[in-house]
Each structure stands twice: as C-alpha cells, then as structure tokens.
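*Asks:* Dropping the structure in here first, questions after.
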Amino acid sequence: MTFITHKVFRHLLDKLGPQHWWPGESPLEVIIGAILVQNTAWKNVEQAIENLRDADLIHADRLLEISSEDLAELIRPAGYYRLKTKRLRSLLKFMVEEYDGSIAAMQAADRHRLRRQLLAVKGVGPETADSILLYALEQPFLVVDTYTHRIFSRHGWVGYDIDYHQLQGHLTSELPEEVAIYNELHALLVRVGHHYCRKQPRCESCPLQEMLPGGRVVEPDDC
DNA sequence: GACCAGGCACATC
DNA sequence: GATGTGCATGGT
C-alpha cells in the first residue's frame with residue numbers, strides 16, 4: 001500500500017500552503033458558484049456573481065422571484081447562461097421546497113440522502129453535488145474534477161478510464177474522512193491542475209512528475 | 001483564430 | 001453501455 005494520495009496531499013500542502021477554499025462569501029454564494037463554474041473558468045464566474053451581489057440577489061427567494069430573462073442577463077459572463085439559468089432555478093426551487101431554503105436544515109439532513117436528492121435535480125451532477133456538500137454545507141464528500149482525473153491518470157496512479165465514483169473512492173480510501181482534508185486536497189489539485197496540459201497522455205515535465213522518487217520539490221511549470 | 005475552462009443532460013448507435 | 005454533441009463567455 002503506497003498511499004500516494006496522502007503523499008500528494010502532504011507535498012502540495014507543504015509547498016503551496018492552505019488555499020482557503022471555497023472562494024465565496026456565504027453558503028448560498030458557494031452553491032450558486034458551483035452551478036456557474038461548470039466547464040467554465042472561475043474568472044468568468046466572478047463577474048457573474050458580482051452582478052448578483054450588486055443587485056442584492058444572493059437570496060434564494062429573490063432569485064426565484066426575478067424573471068429568467070433578467071437572471072440570464074446577470075449571469076451571462078459565466079457562459080452557457082440560458083442553460084445555467086434553468087439549472088440555478090431548479091436547484092433553488094428544490095432548496096426552497098424541500099428545505100424551506102434553509103442552509104441549516106440542509107446541514108441537519110442525512111448527508112447521503114441529501115446527496116441523492118441533489119443528484120436528482122436537473123443540472124446537478126456528482127461534482128456539483130459534492131462541491132455543494134463539501135464547501136457550502138461542510139459535509140465530508142471529496143470533490144473530484146477534470147484536474148483530479150488528469151493529474152492522477154497522467155502520472156499513472158490510476159487508469160485513464162476510471163469514472164467519478166471509482167476515483168473518489170480510490171482517493172478517499174487513503175485519507176481520513178475529514179472535511180478539512182477534503183477541502184484542502186481538492187483546492188490544491190485545482191491549483192496545480194492548471195499547469196497540466198490537456199492533451200498528452202503522458203507528460204514528462206508536469207508539476208508532480210518528480211515528486212515520488214526523490215521527494216524533491218518541483219516548481220509548477222507548463223508542460 | 002484556435003484552444004481552453006473547477007460539467008451535465010440528452011441523442012444515437 | 002459506449003460515444004458524440006450542444007451549451008457560450010472571456011482569457012491566452
């Protein structure tokens with residue numbers, strides 16, 4: 001048993017320090033961000049969230065009161081804005097109908113049942129659900145994303161064809177089930193993931209390439 | 001101008 | 001069950 005995940009976590013945390021995630025000011029803002037960031041650069045999401053903040057719309061009930069057209073216009077910078085308008089509304093509707101729009105009520109619910117409920121909302125897949133659970137509700141679910149998959153498969157630590165839940169299980173099986181650890185690990189992987197190029201099935205100069213043999217620190221660099 | 005970004009649902013075979 | 005496609009803005 002090598003516990004590569006634990007080694008990667010220690011290495012990145014030592015080298016880069018805590019990332020203080022999620023970049024959002026309230027649980028609801030995190031939830032909104034989780035939808036808006038789907039297949040989108042965070043930079044674009046920031047502008048959309050700022051628009052909502054400026055309009056004082058970081059409130060589930062107010063967001064459901066305004067028209068879809070108005071909401072779409074506000075979140076336009078995040079891309080896929082018509083699609084994300086629908087997804088946001090269906091998620092907010094779920095929260096209001098099932099939990100009275102209360103973050104505390106969601107936190108008090110059985111976390112596995114809540115996860116299944118979130119996955120049943122159109123537009124909420126496993127990564128979005130886990131992002132909401134971990135970063136908005138502080139429940140121990142590790143978020144797996146394209147960077148996680150790219151990093152671990154490119155180094156040969158897992159097979160390229162591994163799916164979301166297999167990868168999630170592989171990673172969590174080597175870690176204590178703790179919110180603080182899941183929080184940092186995902187944040188660190190996103191940070192370093194930006195330096196892994198999309199194509200090459202194998203890359204010799206990716207950031208963590210030389211981590212294992214010598215335990216040597218490697219600067220993140222383009223590959 | 002091409003390529004990419006912290007996914008997901010749906011169509012088609 | 002696997003594979004392909006639409007969704008869209010903004011930065012490099």
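Residues are named by chain letter and number: chains run A, B, ... in the order of the structure tokens, numbers start at 1 in each chain, and ligands are numbered from 1 in the order shown.
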With only C-alpha atoms (C1' of nucleotides) as the counted atoms, please give the residues lying no more than 7 Å from DG6 in chain B, apart from itself and same-chain residues fewer than 3 positions off, as a list of chain:residue names.
*Replies:*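 My reading of the contact set: A:Val37, A:Asp145, A:Val190.
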*Asks:* Just the residues within 9 Å of range 180-184 of chain A, please, counting only C-alpha atoms (C1' of nucleotides), with nothing from its chain fewer than 2 positions along; format it as a list in words.
*Replies:*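 Contacts, with the query itself left out: Phe9, Leu13, Pro18, Gln19, His20, Trp21, Trp22, Leu134, Tyr135, Glu138, Pro140, Phe141, Leu142, Val143, Thr172, Leu175, Pro176, Glu177, Glu178, His186, Ala187, Leu188 and Leu189 of chain A.
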*Asks:* For DT12 in chain C, list every protein, DNA or RNA residue within 12 Å, evaluated using only C-alpha atoms (C1' of nucleotides), and leave out those in the same chain fewer than 5 positions away; present the list as an mmCIF file with C-alpha atoms (C1' of nucleotides), in the first residue's frame.
*Replies:*
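New file around_8.cif:
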```cif
data_model
loop_
_atom_site.group_PDB
_atom_site.id
_atom_site.type_symbol
_atom_site.label_atom_id
_atom_site.label_comp_id
_atom_site.auth_asym_id
_atom_site.auth_seq_id
_atom_site.Cartn_x
_atom_site.Cartn_y
_atom_site.Cartn_z
ATOM 1 C "C1'" DA B 2 -7.839 28.259 -32.220
ATOM 2 C "C1'" DC B 3 -7.980 26.417 -27.877
ATOM 3 C "C1'" DC B 4 -9.390 26.012 -23.247
ATOM 4 C "C1'" DA B 5 -12.105 26.395 -18.816
#
```
*Asks:* Among range 13-212 of chain A, which ones does DSSP place in alpha helix (DSSP H), written as JSON, numbers by chain?
*Replies:* {"A": [13, 14, 15, 16, 27, 28, 29, 30, 31, 32, 33, 34, 35, 36, 42, 43, 44, 45, 46, 47, 48, 49, 50, 51, 52, 53, 54, 60, 61, 62, 63, 64, 65, 68, 69, 70, 71, 72, 73, 74, 75, 81, 82, 83, 84, 85, 86, 87, 88, 89, 90, 91, 92, 93, 94, 95, 96, 97, 98, 99, 103, 104, 105, 106, 107, 108, 111, 112, 113, 114, 115, 116, 117, 118, 119, 120, 126, 127, 128, 129, 130, 131, 146, 147, 148, 149, 150, 151, 152, 153, 154, 164, 165, 166, 167, 168, 169, 170, 171, 172, 179, 180, 181, 182, 183, 184, 185, 186, 187, 188, 189, 190, 191, 192, 193, 211, 212]}
*Asks:* Contacts of DA9 in chain B at 12 Å or less, counting only C-alpha atoms (C1' of nucleotides), minus same-chain residues fewer than 2 places along, as a list of chain:residue names?
*Replies:*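 Contacts, in chain order: A:Leu83, A:Arg87, A:Ala120, A:Val121, A:Lys122, A:Gly123, A:Val124, A:Gly125, B:DG7, B:DA11, C:DT5, C:DG6, C:DC7.
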